[in-house]
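Heads up, work_25.cif below (mmCIF, C-alpha atoms):
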```
data_my_file
loop_
_atom_site.label_atom_id
_atom_site.label_comp_id
_atom_site.auth_asym_id
_atom_site.auth_seq_id
_atom_site.Cartn_x
_atom_site.Cartn_y
_atom_site.Cartn_z
CA GLN A 16 5.71 20.30 -12.78
CA GLY A 17 5.26 16.54 -13.02
CA ASN A 18 8.23 14.27 -12.55
CA GLY A 19 8.06 11.14 -14.73
CA ILE A 20 10.29 8.12 -14.13
CA ILE A 21 10.13 5.34 -16.71
CA ASP A 22 11.13 1.70 -16.05
CA TYR A 23 12.62 2.17 -12.59
CA CYS A 24 13.86 -1.21 -11.32
CA CYS A 25 14.96 -2.05 -7.81
CA VAL A 26 15.79 -5.26 -5.91
CA THR A 27 16.99 -5.18 -2.28
CA TYR A 28 18.64 -8.21 -0.74
CA ASP A 29 20.24 -7.73 2.64
CA SER A 30 19.01 -7.27 6.20
CA ASP A 31 19.74 -3.52 6.18
CA ASN A 32 17.06 -2.69 3.61
CA GLN A 33 13.88 -3.12 5.63
CA PHE A 34 11.84 -0.72 3.50
CA THR A 35 12.02 -0.71 -0.28
CA GLY A 36 10.76 1.62 -3.00
CA LEU A 37 11.86 4.59 -5.06
CA PHE A 38 12.09 6.06 -1.55
CA GLY A 39 12.80 3.59 1.24
CA GLU A 40 11.38 5.70 4.09
CA VAL A 41 9.83 9.16 4.20
CA GLN A 42 9.18 11.01 7.47
CA GLY A 43 7.86 14.57 7.67
CA GLY A 44 8.15 15.19 3.92
CA ILE A 45 5.81 15.48 0.95
CA LEU A 46 6.07 13.40 -2.23
CA ARG A 47 4.18 15.35 -4.86
CA ASN A 48 3.60 15.02 -8.62
CA ILE A 49 5.77 11.93 -9.08
CA VAL A 50 4.81 9.47 -11.81
CA LEU A 51 6.34 6.00 -12.13
CA MET A 52 5.62 4.29 -15.45
CA ALA A 53 6.54 0.86 -16.82
CA SER A 54 6.79 1.05 -20.62
CA ASP A 55 6.30 -2.71 -21.10
CA PRO A 56 4.43 -4.18 -18.11
CA GLU A 57 3.95 -7.61 -19.68
CA ASN A 58 7.71 -8.07 -19.89
CA GLY A 59 8.43 -6.61 -16.47
CA SER A 60 10.12 -3.39 -17.55
CA GLY A 61 9.38 -1.74 -14.20
CA TYR A 62 9.59 -3.54 -10.86
CA VAL A 63 10.34 -3.15 -7.16
CA GLU A 64 11.23 -6.28 -5.21
CA SER A 65 12.36 -6.87 -1.63
CA ARG A 66 14.08 -10.03 -0.43
CA TYR A 67 14.57 -8.61 3.06
CA GLU A 68 15.15 -11.24 5.74
CA ARG A 69 15.69 -10.46 9.41
CA GLY A 70 14.07 -12.43 12.20
CA GLY A 71 11.32 -10.58 14.05
CA TYR A 72 11.28 -7.60 11.68
CA ARG A 73 8.81 -6.82 8.90
CA GLY A 74 9.58 -5.72 5.37
CA GLY A 75 7.70 -2.89 3.69
CA VAL A 76 7.55 -2.57 -0.09
CA GLY A 77 5.89 -0.01 -2.36
CA ALA A 78 6.72 1.18 -5.85
CA LEU A 79 6.96 4.75 -4.56
CA VAL A 80 7.83 4.32 -0.88
CA GLY A 81 8.38 1.40 1.50
CA LEU A 82 7.42 3.29 4.67
CA LEU A 83 5.48 6.54 4.96
CA TYR A 84 6.30 7.14 8.60
CA VAL A 85 5.01 9.18 11.53
CA GLU A 86 7.06 9.01 14.72
CA HIS A 87 5.72 7.20 17.78
CA THR A 88 5.43 10.48 19.77
CA ASN A 89 3.86 12.54 16.96
CA ASP A 90 0.28 13.74 17.55
CA TYR A 91 -0.22 14.69 13.88
CA SER A 92 -0.17 18.40 14.73
CA GLY A 93 2.83 19.25 12.52
CA GLN A 94 3.92 18.29 9.03
CA VAL A 95 3.01 14.66 8.37
CA ALA A 96 4.55 12.44 5.70
CA THR A 97 2.29 12.78 2.67
CA VAL A 98 1.91 11.41 -0.86
CA GLU A 99 0.00 13.85 -3.06
CA LYS A 100 -0.88 13.69 -6.76
CA CYS A 101 1.41 10.74 -7.46
CA ALA A 102 0.84 7.79 -9.77
CA VAL A 103 2.25 4.33 -10.49
CA SER A 104 1.48 2.53 -13.74
CA GLY A 105 2.31 -0.99 -14.91
CA TYR A 106 4.71 -1.98 -12.13
CA THR A 107 5.32 -5.33 -10.50
CA VAL A 108 5.74 -4.87 -6.74
CA SER A 109 6.70 -7.85 -4.60
CA TYR A 110 8.15 -9.18 -1.38
CA THR A 111 9.83 -12.54 -1.97
CA GLY A 112 11.30 -13.15 1.48
CA SER A 113 9.73 -15.50 4.01
CA GLY A 114 8.91 -13.04 6.81
CA ALA A 115 5.91 -10.86 7.59
CA CYS A 116 5.46 -7.87 5.30
CA ALA A 117 3.25 -5.12 3.89
CA VAL A 118 3.23 -4.62 0.13
CA GLY A 119 1.37 -1.88 -1.74
CA GLY A 120 1.23 -0.62 -5.30
CA LEU A 121 2.13 2.83 -3.99
CA ALA A 122 3.33 2.36 -0.38
CA GLY A 123 4.11 -0.57 1.92
CA TYR A 124 3.41 0.74 5.44
CA CYS A 125 1.51 4.04 5.67
CA PHE A 126 1.26 6.12 8.87
CA GLY A 127 0.84 9.31 6.83
CA PHE A 128 -1.55 10.66 4.24
CA VAL A 129 -2.15 9.54 0.65
CA GLN A 130 -4.35 11.85 -1.40
CA ASP A 131 -5.30 12.44 -5.03
CA SER A 132 -3.11 9.54 -6.17
CA ALA A 133 -3.34 6.39 -8.28
CA ALA A 134 -1.67 2.99 -8.52
CA VAL A 135 -2.48 0.73 -11.46
CA CYS A 136 0.00 -2.14 -11.20
CA LYS A 137 0.48 -5.36 -13.09
CA THR A 138 1.10 -7.40 -9.94
CA VAL A 139 1.31 -6.68 -6.22
CA SER A 140 2.31 -9.75 -4.20
CA GLY A 141 3.59 -11.17 -0.95
CA PRO A 142 3.94 -14.59 0.73
CA SER A 143 0.97 -16.84 1.42
CA SER A 144 1.17 -16.13 5.16
CA ASN A 145 1.71 -13.01 7.31
CA SER A 146 1.46 -10.61 4.38
CA TYR A 147 -0.72 -7.53 3.92
CA VAL A 148 -1.07 -6.72 0.24
CA GLY A 149 -3.04 -3.77 -1.14
CA GLY A 150 -3.47 -2.19 -4.54
CA MET A 151 -2.58 1.17 -3.01
CA VAL A 152 -1.18 0.52 0.51
CA GLY A 153 -0.18 -2.68 2.26
CA SER A 154 -0.83 -1.64 5.88
CA LEU A 155 -2.57 1.55 7.07
CA ASN A 156 -1.35 2.58 10.53
CA GLY A 157 -1.64 5.34 13.15
CA GLN A 158 -3.95 8.09 11.92
CA GLY A 159 -3.03 7.37 8.34
CA SER A 160 -5.56 8.08 5.61
CA ILE A 161 -6.18 7.47 1.91
CA THR A 162 -8.38 10.04 0.18
CA ASN A 163 -9.71 10.61 -3.33
CA SER A 164 -7.49 7.91 -4.84
CA TYR A 165 -7.86 4.74 -6.90
CA ALA A 166 -6.03 1.50 -7.51
CA GLY A 167 -6.17 -1.15 -10.18
CA MET A 168 -4.28 -4.37 -10.76
CA THR A 169 -4.08 -7.53 -12.80
CA GLU A 170 -3.13 -9.65 -9.81
CA LEU A 171 -3.01 -9.38 -6.02
CA ASP A 172 -1.45 -12.21 -4.04
CA GLY A 173 -0.96 -12.57 -0.29
CA SER A 174 -2.61 -13.80 2.88
CA ASN A 175 -4.56 -10.53 3.41
CA VAL A 176 -5.45 -8.60 0.27
CA GLY A 177 -7.55 -5.54 -0.55
CA GLY A 178 -8.07 -3.30 -3.54
CA ILE A 179 -6.95 -0.18 -1.64
CA ARG A 180 -5.56 -1.44 1.70
CA GLY A 181 -4.32 -4.93 2.50
CA GLY A 182 -5.00 -4.64 6.22
CA PHE A 183 -3.31 -3.55 9.43
CA ASP A 184 0.03 -4.88 10.65
CA ASN A 185 1.19 -3.38 13.94
CA ILE A 186 4.71 -1.97 13.74
CA TYR A 187 6.35 0.69 15.90
CA GLY A 188 5.17 4.22 15.15
CA ALA A 189 2.31 6.64 15.79
CA GLY A 190 -0.69 4.93 17.34
CA SER A 191 1.20 1.88 18.62
CA SER A 192 1.95 3.11 22.16
CA ASP A 193 -0.28 0.50 23.80
CA GLY A 194 1.53 -2.36 22.09
CA THR A 195 -1.50 -3.40 20.04
CA GLY A 196 -1.95 -0.48 17.67
CA GLY A 197 -5.29 0.26 19.37
CA ASN A 198 -4.69 4.03 19.40
CA ARG A 199 -5.28 4.17 15.66
CA ASN A 200 -7.83 6.22 13.76
CA THR A 201 -7.39 5.35 10.09
CA LYS A 202 -9.61 6.43 7.21
CA ILE A 203 -10.27 5.52 3.57
CA THR A 204 -12.45 8.12 1.89
CA ASP A 205 -13.75 8.55 -1.68
CA CYS A 206 -11.61 5.77 -3.15
CA TYR A 207 -12.16 3.25 -5.92
CA SER A 208 -10.50 -0.04 -6.87
CA PHE A 209 -10.76 -2.37 -9.86
CA TRP A 210 -9.10 -5.45 -11.32
CA GLU A 211 -8.36 -6.51 -14.89
CA ASP A 212 -7.78 -10.27 -14.86
CA GLY A 213 -11.16 -11.21 -16.33
CA GLU A 214 -11.72 -13.90 -13.70
CA SER A 215 -14.57 -14.15 -11.21
CA VAL A 216 -12.37 -12.75 -8.46
CA TYR A 217 -12.82 -9.29 -7.00
CA TYR A 218 -10.90 -7.33 -4.44
CA PRO A 219 -12.82 -5.20 -1.95
CA ILE A 220 -11.61 -1.84 -0.72
CA THR A 221 -9.96 -3.50 2.27
CA VAL A 222 -9.84 -6.98 3.72
CA TYR A 223 -12.99 -7.72 5.62
CA GLU A 224 -12.16 -7.63 9.30
CA THR A 225 -13.41 -6.35 12.62
CA ASP A 226 -11.48 -3.10 12.90
CA GLY A 227 -13.01 -0.38 15.05
CA ASN A 228 -10.10 1.89 14.19
CA LEU A 229 -10.88 2.11 10.46
CA THR A 230 -13.55 4.28 8.81
CA VAL A 231 -14.47 3.67 5.16
CA SER A 232 -16.76 6.15 3.41
CA GLY A 233 -17.68 7.08 -0.14
CA CYS A 234 -15.78 4.09 -1.60
CA GLU A 235 -16.57 1.63 -4.38
CA TYR A 236 -14.89 -1.33 -6.04
CA LEU A 237 -15.48 -2.90 -9.42
CA ARG A 238 -17.28 -6.23 -9.30
CA ASP A 239 -18.86 -8.59 -11.79
CA SER A 240 -18.80 -7.30 -15.37
CA GLY A 241 -18.41 -3.62 -14.66
CA LYS A 242 -20.81 -3.31 -11.73
CA THR A 243 -19.63 -1.33 -8.74
CA GLN A 244 -20.33 -2.00 -5.10
CA SER A 245 -19.89 0.24 -2.09
CA GLY A 246 -18.18 -0.43 1.23
CA LEU A 247 -15.59 -2.84 2.48
CA GLY A 248 -16.88 -5.96 0.73
CA GLU A 249 -15.97 -9.50 1.63
CA ALA A 250 -12.59 -11.16 1.86
CA ARG A 251 -11.32 -12.79 -1.28
#
```
With the file now loaded, output its structure as structure tokens.
Amino acid sequence: QGNGIIDYCCVTYDSDNQFTGLFGEVQGGILRNIVLMASDPENGSGYVESRYERGGYRGGVGALVGLLYVEHTNDYSGQVATVEKCAVSGYTVSYTGSGACAVGGLAGYCFGFVQDSAAVCKTVSGPSSNSYVGGMVGSLNGQGSITNSYAGMTELDGSNVGGIRGGFDNIYGAGSSDGTGGNRNTKITDCYSFWEDGESVYYPITVYETDGNLTVSGCEYLRDSGKTQSGLGEAR
């Protein structure tokens, strides 16, 4: 059965709330058939905001989950944190602190798996520096993957933005044992992103970057009056 939540609103303030969402952090569990809906997006009826501030630490924000986590020692052989058949519609998702962060329409930091899901948000935003902002996921880490999913938005704001994934920000967890996150093997497969602002701005699947640990296949993003284009695309 589907689980619908209408006009969920959340603001976190203090240094103890590093990860913000309907679920702050999920490890080893499955989030399935959850739908978050904003009844009046233009007037901000549904929102998730983090004002987390703590020197040297990063904030993760997603409408559904702030951190989809896989432990540093996990080899992905057991149950991995997963989002399956979930959707977010009309939400404003933001980080308004001054530190580094990952912000996503669905999840902030993702070490786990996102599949068969959708995030169509009004706004997903972070600061103008040290932020990774994606329509679906802010930062994809470890052996995390996004499969058969789509994202749409009216506005994406941040220093690194992408229609599906904002980029990669190295935090402690699976794949970070060498201190650089170089043990990663992330994938984005059969995904689609679009925007609705009517301007001559488009958001590729992921920020354009040299990343040998990311594989993108079977993906498209909406560009220029309804035309689609495959691949990573160029940075905004």
Exercise: Gly70 of chain A partners within 10 Å, only C-alpha atoms, chain neighbours under 6 positions left out, as a list in words: Ser30, Ser113, Gly114 and Ala115 of chain A
Create the file for the chosen residues now, containing C-alpha atoms and written as a PDB file, in the coordinates of the input.
```
ATOM      1  CA  SER A  30      19.010  -7.270   6.200  1.00  0.00           C
ATOM      2  CA  SER A 113       9.730 -15.500   4.010  1.00  0.00           C
ATOM      3  CA  GLY A 114       8.910 -13.040   6.810  1.00  0.00           C
ATOM      4  CA  ALA A 115       5.910 -10.860   7.590  1.00  0.00           C
TER       5      ALA A 115
END
```
Output of the PyMOL selection byres ((chain A and resi 116) around 7), listed as an NGL selection string: :A and (73-75 or 114-115 or 117-118 or 145-147)
Result set of the PyMOL selection byres ((chain A and resi 100) around 12) on the coordinates above, as a PyMOL selection string: chain A and resi 16-18+45-51+97-99+101-103+121+128-134+161-165
Coordinates-based distance that separates atom CA of Leu171 of chain A from atom CA of Gly190 of chain A (Å, one decimal): 27.5 Å
Mind listing whatever residues come within 8 Å of the point (2.4, 10.1, 19.7)? Use only C-alpha atoms, file coordinates, and give them as a CSV table (one decimal) with C-alpha atoms, in the coordinates of the input.
```csv
chain,number,residue,atom,x,y,z
A,86,GLU,CA,7.1,9.0,14.7
A,87,HIS,CA,5.7,7.2,17.8
A,88,THR,CA,5.4,10.5,19.8
A,89,ASN,CA,3.9,12.5,17.0
A,90,ASP,CA,0.3,13.7,17.6
A,91,TYR,CA,-0.2,14.7,13.9
A,188,GLY,CA,5.2,4.2,15.2
A,189,ALA,CA,2.3,6.6,15.8
A,190,GLY,CA,-0.7,4.9,17.3
A,192,SER,CA,2.0,3.1,22.2
```
Residue members of the PyMOL selection byres ((chain A and resi 179) around 8) in the file shown, as a ChimeraX atom specification: /A:149-152,165-166,177-178,180-181,206-208,219-221
List the spatial neighbours of Ala53 of chain A as a short mmCIF file (atom, residue, chain, number, x, y, z; two decimals) with C-alpha atoms, in the coordinates of the input - criterion: any atom at most 10 Å away, only C-alpha atoms, same-chain residues fewer than 4 positions off excluded.
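Generated file (result.cif):
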```
data_model
loop_
_atom_site.label_atom_id
_atom_site.label_comp_id
_atom_site.auth_asym_id
_atom_site.auth_seq_id
_atom_site.Cartn_x
_atom_site.Cartn_y
_atom_site.Cartn_z
CA ILE A 20 10.29 8.12 -14.13
CA ILE A 21 10.13 5.34 -16.71
CA ASP A 22 11.13 1.70 -16.05
CA TYR A 23 12.62 2.17 -12.59
CA CYS A 24 13.86 -1.21 -11.32
CA GLU A 57 3.95 -7.61 -19.68
CA ASN A 58 7.71 -8.07 -19.89
CA GLY A 59 8.43 -6.61 -16.47
CA SER A 60 10.12 -3.39 -17.55
CA GLY A 61 9.38 -1.74 -14.20
CA TYR A 62 9.59 -3.54 -10.86
CA VAL A 103 2.25 4.33 -10.49
CA SER A 104 1.48 2.53 -13.74
CA GLY A 105 2.31 -0.99 -14.91
CA TYR A 106 4.71 -1.98 -12.13
CA THR A 107 5.32 -5.33 -10.50
CA CYS A 136 0.00 -2.14 -11.20
CA LYS A 137 0.48 -5.36 -13.09
#
```
Separation of atom CA of Glu68 of chain A from atom CA of Thr201 of chain A in Å: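 Atom CA of Glu68 of chain A lies at a distance of 28.3 Å from atom CA of Thr201 of chain A.
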Val63 of chain A environment, 6 Å, only C-alpha atoms, sequence neighbours closer than 2 positions dropped, as a ChimeraX atom specification: /A:24-26,78,108
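Distance annotation: of A:Thr35, A:Ser154, A:Asn198, A:Thr169, the residue with the minimal separation from Gly182 of chain A is A:Ser154; atom set is all atoms listed in the file.
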Counting only C-alpha atoms, the residue of A:Asn185, A:Ser191, A:Ser160, A:Gln42 that sits nearest Ala96 of chain A: A:Gln42
Could you give me segment 180-191 of chain A completed to all heavy atoms, formatted as a compact mmCIF listing (two decimals), keeping the file's coordinate frame?
```
# COMPACT_ATOMS: atom_id res chain seq x y z
N ARG A 180 -6.41 -1.12 0.55
CA ARG A 180 -5.56 -1.44 1.70
C ARG A 180 -5.57 -2.93 1.95
O ARG A 180 -6.62 -3.57 1.94
CB ARG A 180 -6.10 -0.71 2.94
CG ARG A 180 -5.31 -0.95 4.20
CD ARG A 180 -6.11 -0.66 5.47
NE ARG A 180 -6.96 -1.79 5.84
CZ ARG A 180 -7.38 -2.05 7.09
NH1 ARG A 180 -7.03 -1.25 8.08
NH2 ARG A 180 -8.14 -3.08 7.34
N GLY A 181 -4.38 -3.50 2.20
CA GLY A 181 -4.32 -4.93 2.50
C GLY A 181 -4.84 -5.26 3.88
O GLY A 181 -5.47 -6.28 4.09
N GLY A 182 -4.56 -4.40 4.86
CA GLY A 182 -5.00 -4.64 6.22
C GLY A 182 -4.21 -3.77 7.19
O GLY A 182 -3.74 -2.69 6.84
N PHE A 183 -4.08 -4.25 8.41
CA PHE A 183 -3.31 -3.55 9.43
C PHE A 183 -2.31 -4.51 10.05
O PHE A 183 -2.67 -5.58 10.53
CB PHE A 183 -4.21 -2.99 10.53
CG PHE A 183 -3.46 -2.61 11.78
CD1 PHE A 183 -2.57 -1.54 11.76
CD2 PHE A 183 -3.62 -3.34 12.95
CE1 PHE A 183 -1.85 -1.21 12.89
CE2 PHE A 183 -2.91 -3.01 14.08
CZ PHE A 183 -2.02 -1.94 14.07
N ASP A 184 -1.04 -4.11 10.02
CA ASP A 184 0.03 -4.88 10.65
C ASP A 184 0.74 -3.95 11.63
O ASP A 184 1.28 -2.91 11.24
CB ASP A 184 1.01 -5.38 9.58
CG ASP A 184 2.08 -6.29 10.15
OD1 ASP A 184 1.81 -6.94 11.19
OD2 ASP A 184 3.17 -6.36 9.57
N ASN A 185 0.71 -4.28 12.90
CA ASN A 185 1.19 -3.38 13.94
C ASN A 185 2.72 -3.34 13.99
O ASN A 185 3.36 -4.30 14.38
CB ASN A 185 0.64 -3.82 15.30
CG ASN A 185 0.95 -2.80 16.39
OD1 ASN A 185 0.90 -1.60 16.14
ND2 ASN A 185 1.25 -3.28 17.57
N ILE A 186 3.29 -2.21 13.57
CA ILE A 186 4.71 -1.97 13.74
C ILE A 186 4.88 -0.68 14.53
O ILE A 186 3.95 0.11 14.68
CB ILE A 186 5.47 -1.88 12.40
CG1 ILE A 186 5.01 -0.67 11.58
CG2 ILE A 186 5.32 -3.17 11.61
CD1 ILE A 186 5.87 -0.41 10.36
N TYR A 187 6.09 -0.46 15.04
CA TYR A 187 6.35 0.69 15.90
C TYR A 187 6.15 2.00 15.14
O TYR A 187 6.63 2.17 14.02
CB TYR A 187 7.79 0.62 16.42
CG TYR A 187 8.12 1.67 17.46
CD1 TYR A 187 7.78 1.48 18.79
CD2 TYR A 187 8.78 2.83 17.09
CE1 TYR A 187 8.09 2.45 19.74
CE2 TYR A 187 9.10 3.80 18.03
CZ TYR A 187 8.75 3.60 19.37
OH TYR A 187 9.05 4.56 20.30
N GLY A 188 5.43 2.92 15.76
CA GLY A 188 5.17 4.22 15.15
C GLY A 188 3.96 4.85 15.80
O GLY A 188 3.46 4.38 16.83
N ALA A 189 3.47 5.94 15.24
CA ALA A 189 2.31 6.64 15.79
C ALA A 189 1.13 5.69 15.94
O ALA A 189 0.83 4.90 15.05
CB ALA A 189 1.94 7.80 14.87
N GLY A 190 0.48 5.76 17.10
CA GLY A 190 -0.69 4.93 17.34
C GLY A 190 -0.40 3.56 17.90
O GLY A 190 -1.32 2.78 18.16
N SER A 191 0.88 3.23 18.14
CA SER A 191 1.20 1.88 18.62
C SER A 191 1.66 1.88 20.08
O SER A 191 2.23 0.92 20.54
CB SER A 191 2.31 1.26 17.76
OG SER A 191 3.51 2.00 17.87
```
